[in-house]
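Below is one structure, written out as structure tokens, with a few remarks after it.
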Amino acid sequence: MDLEDSPTPDPSRQREGSSANGDLKALIRTIPDFPKPGIQFRDITTLLLDPHGLATCIERMVAAAQGPVDLVAGIEARGFLFAAALAVPLKAGVLLIRKDGKLPGVTIAEDYALEYGQDRIAIHADAFAPGAIVLLIDDLIATGGTARAAVRLLHKAGAVVKEAQFLVDLPDLGGADLLRSDGIRVNALVSFPGH
Ligand code: AMP
């Protein structure tokens, strides 16, 4: 749906990640066959370059956030951008979920499977006290491997994770549904059916 089709988006539909955010979807560029043949890369850098689009995206993510939040956790690297922008209006801190080996202090880590091989993400072990309410953010959810590992890591450190937000969902890859089956409320502003 284009912006013209939806001049006054219904906020409840935005929360469900429906086509109400066609204005934002139009700012995301698709690059075929990157990083390898067959992948439709959803490039959000074009949205980030647009001042109105970026502000609108953050406003809608903030509006969709529910309940008090102690920390907004962003997944390296694009998740950091959204985490910091949401944390300020939500009056929360920012927690960096980094690739293993990047954080200087004592860390807790979690492994997750990639298509070929494994990866590992980490947080500082002393980043928060058990019981902290953490909102998880990334730019995009595909298979959900990264986000689910982040939730496991946050749980291991004692966080309460009720909600995860993404700018983009690739619903056919099933990650958002898996995250929901883990008991997390999932909000994505834009959905790209297909791979
Ligand atoms: P996944 O763990 O499969 O949910 O993948 C999520 C991570 O991979 C996110 O950090 C995305 O930035 C990146 N990613 C996966 N698929 C795509 C895609 N088609 N376009 C852009 N980024 C992607």
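Ligands are numbered from 1 in the order shown, chains are lettered A, B, ... in the order of the structure tokens, and residues start at 1 in each chain.
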Which polymer residues have any atom within 10 Å of an atom of Asp177 (chain A), counting only C-alpha atoms, with same-chain residues fewer than 5 positions away left out, as a CSV table (one decimal) with N, CA and C atoms, in the first residue's frame?
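result-v6.csv, written as the output of this step:
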```csv
chain,number,residue,atom,x,y,z
A,143,THR,N,14.8,-15.0,10.1
A,143,THR,CA,14.5,-16.3,10.7
A,143,THR,C,14.3,-16.2,12.2
A,144,GLY,N,14.7,-15.1,12.8
A,144,GLY,CA,14.6,-14.9,14.2
A,144,GLY,C,15.8,-15.5,15.0
A,171,PRO,N,8.0,-12.0,7.1
A,171,PRO,CA,7.1,-13.0,7.8
A,171,PRO,C,7.3,-14.4,7.3
A,172,ASP,N,7.6,-14.6,6.0
A,172,ASP,CA,7.7,-15.9,5.5
A,172,ASP,C,8.9,-16.7,6.0
A,182,ASP,N,7.8,-17.8,21.9
A,182,ASP,CA,8.7,-17.7,23.1
A,182,ASP,C,8.0,-16.8,24.1
A,183,GLY,N,6.8,-16.3,23.8
A,183,GLY,CA,6.1,-15.4,24.8
A,183,GLY,C,6.5,-13.9,24.7
A,184,ILE,N,7.1,-13.5,23.6
A,184,ILE,CA,7.4,-12.1,23.4
A,184,ILE,C,6.4,-11.4,22.6
A,185,ARG,N,6.0,-10.2,23.0
A,185,ARG,CA,5.1,-9.4,22.1
A,185,ARG,C,6.0,-8.8,21.0
A,186,VAL,N,5.6,-9.0,19.7
A,186,VAL,CA,6.4,-8.6,18.6
A,186,VAL,C,5.7,-7.5,17.8
```
### Query
Hey, which residues come within 6 Å of ligand 1 if we count only C-alpha atoms and all ligand atoms? Could you give them as a PyMOL selection string?
chain A and resi 39-43+139-146+175
### Query
Excluding same-chain residues fewer than 3 positions from region 44-57 of chain A, what lies within 12 Å of it counting only C-alpha atoms, as a ChimeraX atom specification?
/A:3,9,14,21-31,41,60-64,78-79,81-82,85-86,138-140,165-168,188-190
Next, dump the selected residues to file, keeping only N, CA and C atoms, as a tab-separated table (two decimals), in the first residue's frame.
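After the write, out.tsv holds the following:
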```tsv
chain	number	residue	atom	x	y	z
A	3	LEU	N	1.56	5.49	0.41
A	3	LEU	CA	1.17	6.55	1.35
A	3	LEU	C	-0.19	7.13	0.99
A	9	PRO	N	-3.13	6.80	9.02
A	9	PRO	CA	-2.96	5.42	9.47
A	9	PRO	C	-3.63	5.17	10.82
A	14	GLN	N	-0.89	-0.18	12.88
A	14	GLN	CA	0.56	-0.04	12.88
A	14	GLN	C	1.18	-1.01	13.86
A	21	ASN	N	1.91	1.23	7.38
A	21	ASN	CA	3.17	1.98	7.33
A	21	ASN	C	3.78	1.98	5.93
A	22	GLY	N	2.91	2.09	4.93
A	22	GLY	CA	3.38	2.10	3.55
A	22	GLY	C	4.31	3.26	3.25
A	23	ASP	N	4.14	4.37	3.99
A	23	ASP	CA	5.03	5.51	3.77
A	23	ASP	C	6.46	5.15	4.15
A	24	LEU	N	6.61	4.36	5.23
A	24	LEU	CA	7.96	3.94	5.64
A	24	LEU	C	8.49	2.85	4.70
A	25	LYS	N	7.60	1.95	4.32
A	25	LYS	CA	8.02	0.86	3.42
A	25	LYS	C	8.59	1.41	2.12
A	26	ALA	N	7.98	2.50	1.65
A	26	ALA	CA	8.43	3.10	0.39
A	26	ALA	C	9.84	3.68	0.50
A	27	LEU	N	10.30	3.91	1.71
A	27	LEU	CA	11.65	4.48	1.91
A	27	LEU	C	12.72	3.40	2.05
A	28	ILE	N	12.30	2.14	2.08
A	28	ILE	CA	13.26	1.04	2.21
A	28	ILE	C	13.56	0.49	0.83
A	29	ARG	N	14.86	0.44	0.52
A	29	ARG	CA	15.28	0.01	-0.83
A	29	ARG	C	15.57	-1.49	-0.82
A	30	THR	N	15.15	-2.15	-1.88
A	30	THR	CA	15.45	-3.58	-1.99
A	30	THR	C	16.57	-3.78	-3.00
A	31	ILE	N	17.63	-4.47	-2.56
A	31	ILE	CA	18.76	-4.75	-3.44
A	31	ILE	C	18.80	-6.26	-3.66
A	41	PHE	N	17.86	-8.07	-0.32
A	41	PHE	CA	18.35	-7.32	0.85
A	41	PHE	C	17.49	-6.08	1.05
A	60	ARG	N	6.59	6.12	15.70
A	60	ARG	CA	5.67	4.96	15.68
A	60	ARG	C	6.18	3.83	16.57
A	61	MET	N	7.48	3.66	16.62
A	61	MET	CA	8.03	2.63	17.53
A	61	MET	C	7.77	3.02	18.98
A	62	VAL	N	7.95	4.29	19.28
A	62	VAL	CA	7.71	4.77	20.66
A	62	VAL	C	6.23	4.60	21.00
A	63	ALA	N	5.35	4.94	20.06
A	63	ALA	CA	3.91	4.83	20.32
A	63	ALA	C	3.50	3.38	20.55
A	64	ALA	N	4.20	2.45	19.90
A	64	ALA	CA	3.84	1.03	20.02
A	64	ALA	C	4.38	0.40	21.30
A	78	ARG	N	22.83	-2.19	13.35
A	78	ARG	CA	21.74	-1.26	13.02
A	78	ARG	C	20.75	-1.12	14.16
A	79	GLY	N	20.65	-2.15	14.99
A	79	GLY	CA	19.76	-2.07	16.15
A	79	GLY	C	20.15	-0.96	17.11
A	81	LEU	N	21.06	2.04	16.42
A	81	LEU	CA	20.50	3.33	15.99
A	81	LEU	C	19.09	3.52	16.56
A	82	PHE	N	18.29	2.45	16.46
A	82	PHE	CA	16.91	2.53	16.92
A	82	PHE	C	16.85	2.49	18.44
A	85	ALA	N	17.54	5.97	19.84
A	85	ALA	CA	16.47	6.93	19.52
A	85	ALA	C	15.21	6.65	20.33
A	86	LEU	N	14.94	5.38	20.63
A	86	LEU	CA	13.76	5.05	21.43
A	86	LEU	C	14.00	5.28	22.92
A	138	ASP	N	15.74	-4.45	16.90
A	138	ASP	CA	16.68	-4.63	15.78
A	138	ASP	C	16.03	-4.04	14.53
A	139	ASP	N	16.83	-3.87	13.50
A	139	ASP	CA	16.25	-3.29	12.28
A	139	ASP	C	15.33	-4.25	11.58
A	140	LEU	N	15.64	-5.55	11.65
A	140	LEU	CA	14.90	-6.51	10.82
A	140	LEU	C	14.90	-7.88	11.48
A	165	GLN	N	10.81	-5.09	19.14
A	165	GLN	CA	10.36	-4.25	18.03
A	165	GLN	C	11.37	-4.30	16.89
A	166	PHE	N	10.83	-4.24	15.68
A	166	PHE	CA	11.65	-4.26	14.47
A	166	PHE	C	11.07	-3.26	13.48
A	167	LEU	N	11.94	-2.68	12.68
A	167	LEU	CA	11.41	-1.87	11.59
A	167	LEU	C	10.81	-2.80	10.53
A	168	VAL	N	11.51	-3.89	10.21
A	168	VAL	CA	11.09	-4.77	9.12
A	168	VAL	C	10.90	-6.20	9.61
A	188	ALA	N	6.35	-5.07	14.40
A	188	ALA	CA	7.18	-4.65	13.26
A	188	ALA	C	6.38	-3.65	12.46
A	189	LEU	N	7.02	-2.57	12.05
A	189	LEU	CA	6.29	-1.52	11.34
A	189	LEU	C	5.99	-1.93	9.90
A	190	VAL	N	6.92	-2.63	9.28
A	190	VAL	CA	6.82	-2.92	7.85
A	190	VAL	C	7.05	-4.41	7.62
```
### Task
Based on DSSP run over this structure's backbone, return all residues of region 24-159 of chain A in strand (DSSP E or B), as number ranges by chain.
A: 29-32, 40-43, 71-75, 93-99, 107-113, 118-124, 133-141
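By chain and then residue number, the residues within 8 Å of Pro130 (chain A) are Ala157, Gly158 and Ala159 of chain A, counting only C-alpha atoms and disregarding those fewer than 5 positions away in sequence.
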Generate a file of the selected residues that holds C-alpha atoms, formatted as a CSV table (one decimal), in the first residue's frame.
```
chain,number,residue,atom,x,y,z
A,157,ALA,CA,21.2,-12.3,32.8
A,158,GLY,CA,17.9,-12.0,34.6
A,159,ALA,CA,16.1,-9.5,32.4
```
### Message
Please compute the CA of Lys91 (chain A)-CA of Val72 (chain A) distance, one decimal, in Å.
### Response
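Calculated distance between CA of Lys91 (chain A) and CA of Val72 (chain A) is 9.6 Å.
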### Option closest in space to Arg152 (chain A), from A:Asn187, A:Pro32, A:Asp111, A:Arg98 [counting only C-alpha atoms]
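Of the candidates, the smallest distance to Arg152 (chain A) is held by A:Asp111.
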Output as an mmCIF file with C-alpha atoms, in the first residue's frame all residues of chain A that backbone DSSP marks as alpha helix (DSSP H).
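Everything below was put into selection_1.cif:
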```cif
data_model
loop_
_atom_site.group_PDB
_atom_site.id
_atom_site.type_symbol
_atom_site.label_atom_id
_atom_site.label_comp_id
_atom_site.auth_asym_id
_atom_site.auth_seq_id
_atom_site.Cartn_x
_atom_site.Cartn_y
_atom_site.Cartn_z
ATOM 1 C CA PRO A 11 -2.417 3.254 15.127
ATOM 2 C CA SER A 12 -3.742 -0.177 16.113
ATOM 3 C CA ARG A 13 -2.948 -1.496 12.641
ATOM 4 C CA GLN A 14 0.563 -0.041 12.879
ATOM 5 C CA ARG A 15 1.078 -2.076 16.054
ATOM 6 C CA GLY A 22 3.380 2.102 3.548
ATOM 7 C CA ASP A 23 5.027 5.510 3.772
ATOM 8 C CA LEU A 24 7.960 3.935 5.638
ATOM 9 C CA LYS A 25 8.020 0.855 3.421
ATOM 10 C CA THR A 45 19.915 3.115 4.889
ATOM 11 C CA THR A 46 17.588 4.951 2.491
ATOM 12 C CA LEU A 47 15.026 5.412 5.278
ATOM 13 C CA LEU A 48 17.751 6.588 7.675
ATOM 14 C CA PRO A 51 14.733 13.084 8.084
ATOM 15 C CA HIS A 52 10.943 12.830 8.073
ATOM 16 C CA GLY A 53 10.972 9.074 7.508
ATOM 17 C CA LEU A 54 13.429 8.506 10.331
ATOM 18 C CA ALA A 55 11.462 10.691 12.754
ATOM 19 C CA THR A 56 8.187 8.999 11.774
ATOM 20 C CA CYS A 57 9.691 5.563 12.264
ATOM 21 C CA ILE A 58 10.918 6.431 15.758
ATOM 22 C CA GLU A 59 7.608 8.082 16.710
ATOM 23 C CA ARG A 60 5.669 4.956 15.681
ATOM 24 C CA MET A 61 8.029 2.631 17.528
ATOM 25 C CA VAL A 62 7.710 4.770 20.662
ATOM 26 C CA ALA A 63 3.907 4.832 20.321
ATOM 27 C CA ALA A 64 3.839 1.031 20.025
ATOM 28 C CA ARG A 78 21.739 -1.265 13.022
ATOM 29 C CA GLY A 79 19.756 -2.070 16.153
ATOM 30 C CA PHE A 80 21.925 0.448 18.034
ATOM 31 C CA LEU A 81 20.495 3.332 15.994
ATOM 32 C CA PHE A 82 16.910 2.533 16.915
ATOM 33 C CA ALA A 83 17.722 1.618 20.512
ATOM 34 C CA ALA A 84 19.249 5.015 21.278
ATOM 35 C CA ALA A 85 16.467 6.926 19.523
ATOM 36 C CA LEU A 86 13.757 5.045 21.434
ATOM 37 C CA ALA A 87 15.514 5.101 24.777
ATOM 38 C CA VAL A 88 15.452 8.899 25.051
ATOM 39 C CA PRO A 89 11.649 9.408 24.815
ATOM 40 C CA LEU A 90 11.005 6.196 26.776
ATOM 41 C CA GLY A 145 17.876 -16.654 15.083
ATOM 42 C CA THR A 146 19.533 -13.418 16.188
ATOM 43 C CA ALA A 147 16.584 -12.009 18.141
ATOM 44 C CA ARG A 148 15.821 -15.313 19.876
ATOM 45 C CA ALA A 149 19.467 -15.640 20.924
ATOM 46 C CA ALA A 150 19.276 -12.082 22.265
ATOM 47 C CA VAL A 151 16.200 -12.989 24.325
ATOM 48 C CA ARG A 152 17.937 -16.100 25.693
ATOM 49 C CA LEU A 153 20.961 -13.983 26.590
ATOM 50 C CA LEU A 154 18.834 -11.338 28.312
ATOM 51 C CA HIS A 155 16.934 -14.020 30.241
ATOM 52 C CA LYS A 156 20.225 -15.628 31.290
ATOM 53 C CA GLY A 175 11.169 -15.454 13.001
ATOM 54 C CA ALA A 176 8.492 -13.155 14.414
ATOM 55 C CA ASP A 177 6.133 -16.098 14.994
ATOM 56 C CA LEU A 178 8.879 -18.069 16.735
ATOM 57 C CA LEU A 179 9.587 -15.089 18.964
ATOM 58 C CA ARG A 180 5.862 -14.854 19.747
ATOM 59 C CA SER A 181 5.869 -18.557 20.625
#
```
### Message
Taking 3 positions as the minimum chain separation for residues in the same chain, which residues sit within 7 Å of Ala132 (chain A) when counting only C-alpha atoms? Answer as a list in words.
### Response
Asp70, Phe128, Ala129, Ala159 and Val160 of chain A
I need the residues from that last selection saved to file as a compact mmCIF listing (two decimals), in the first residue's frame (with C-alpha atoms), if you can.
```
# COMPACT_ATOMS: atom_id res chain seq x y z
CA ASP A 70 14.29 0.20 32.05
CA PHE A 128 21.72 -4.47 34.81
CA ALA A 129 20.29 -6.04 37.95
CA ALA A 159 16.07 -9.50 32.43
CA VAL A 160 12.32 -9.41 31.95
```
For region 101-107 of chain A, list every protein, DNA or RNA residue within 6 Å, evaluated using only C-alpha atoms, and leave out those in the same chain fewer than 2 positions away; present the list as a tab-separated table (two decimals) with all heavy atoms, in the first residue's frame.
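The resulting file, around.tsv, is reproduced below:
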```
chain	number	residue	atom	x	y	z
A	123	ILE	N	26.73	-9.47	26.15
A	123	ILE	CA	26.47	-8.22	26.89
A	123	ILE	C	27.40	-8.17	28.09
A	123	ILE	O	27.92	-9.21	28.51
A	123	ILE	CB	24.99	-8.12	27.38
A	123	ILE	CG1	24.62	-9.34	28.24
A	123	ILE	CG2	24.04	-7.95	26.23
A	123	ILE	CD1	23.24	-9.23	28.89
A	124	HIS	N	27.58	-7.01	28.64
A	124	HIS	CA	28.34	-6.91	29.88
A	124	HIS	C	27.56	-7.59	31.01
A	124	HIS	O	26.35	-7.35	31.17
A	124	HIS	CB	28.58	-5.44	30.24
A	124	HIS	CG	29.80	-4.87	29.61
A	124	HIS	ND1	29.84	-3.61	29.06
A	124	HIS	CD2	31.06	-5.38	29.46
A	124	HIS	CE1	31.06	-3.37	28.61
A	124	HIS	NE2	31.82	-4.43	28.83
A	125	ALA	N	28.25	-8.39	31.79
A	125	ALA	CA	27.60	-9.18	32.85
A	125	ALA	C	27.00	-8.28	33.92
A	125	ALA	O	26.02	-8.66	34.58
A	125	ALA	CB	28.62	-10.14	33.47
```
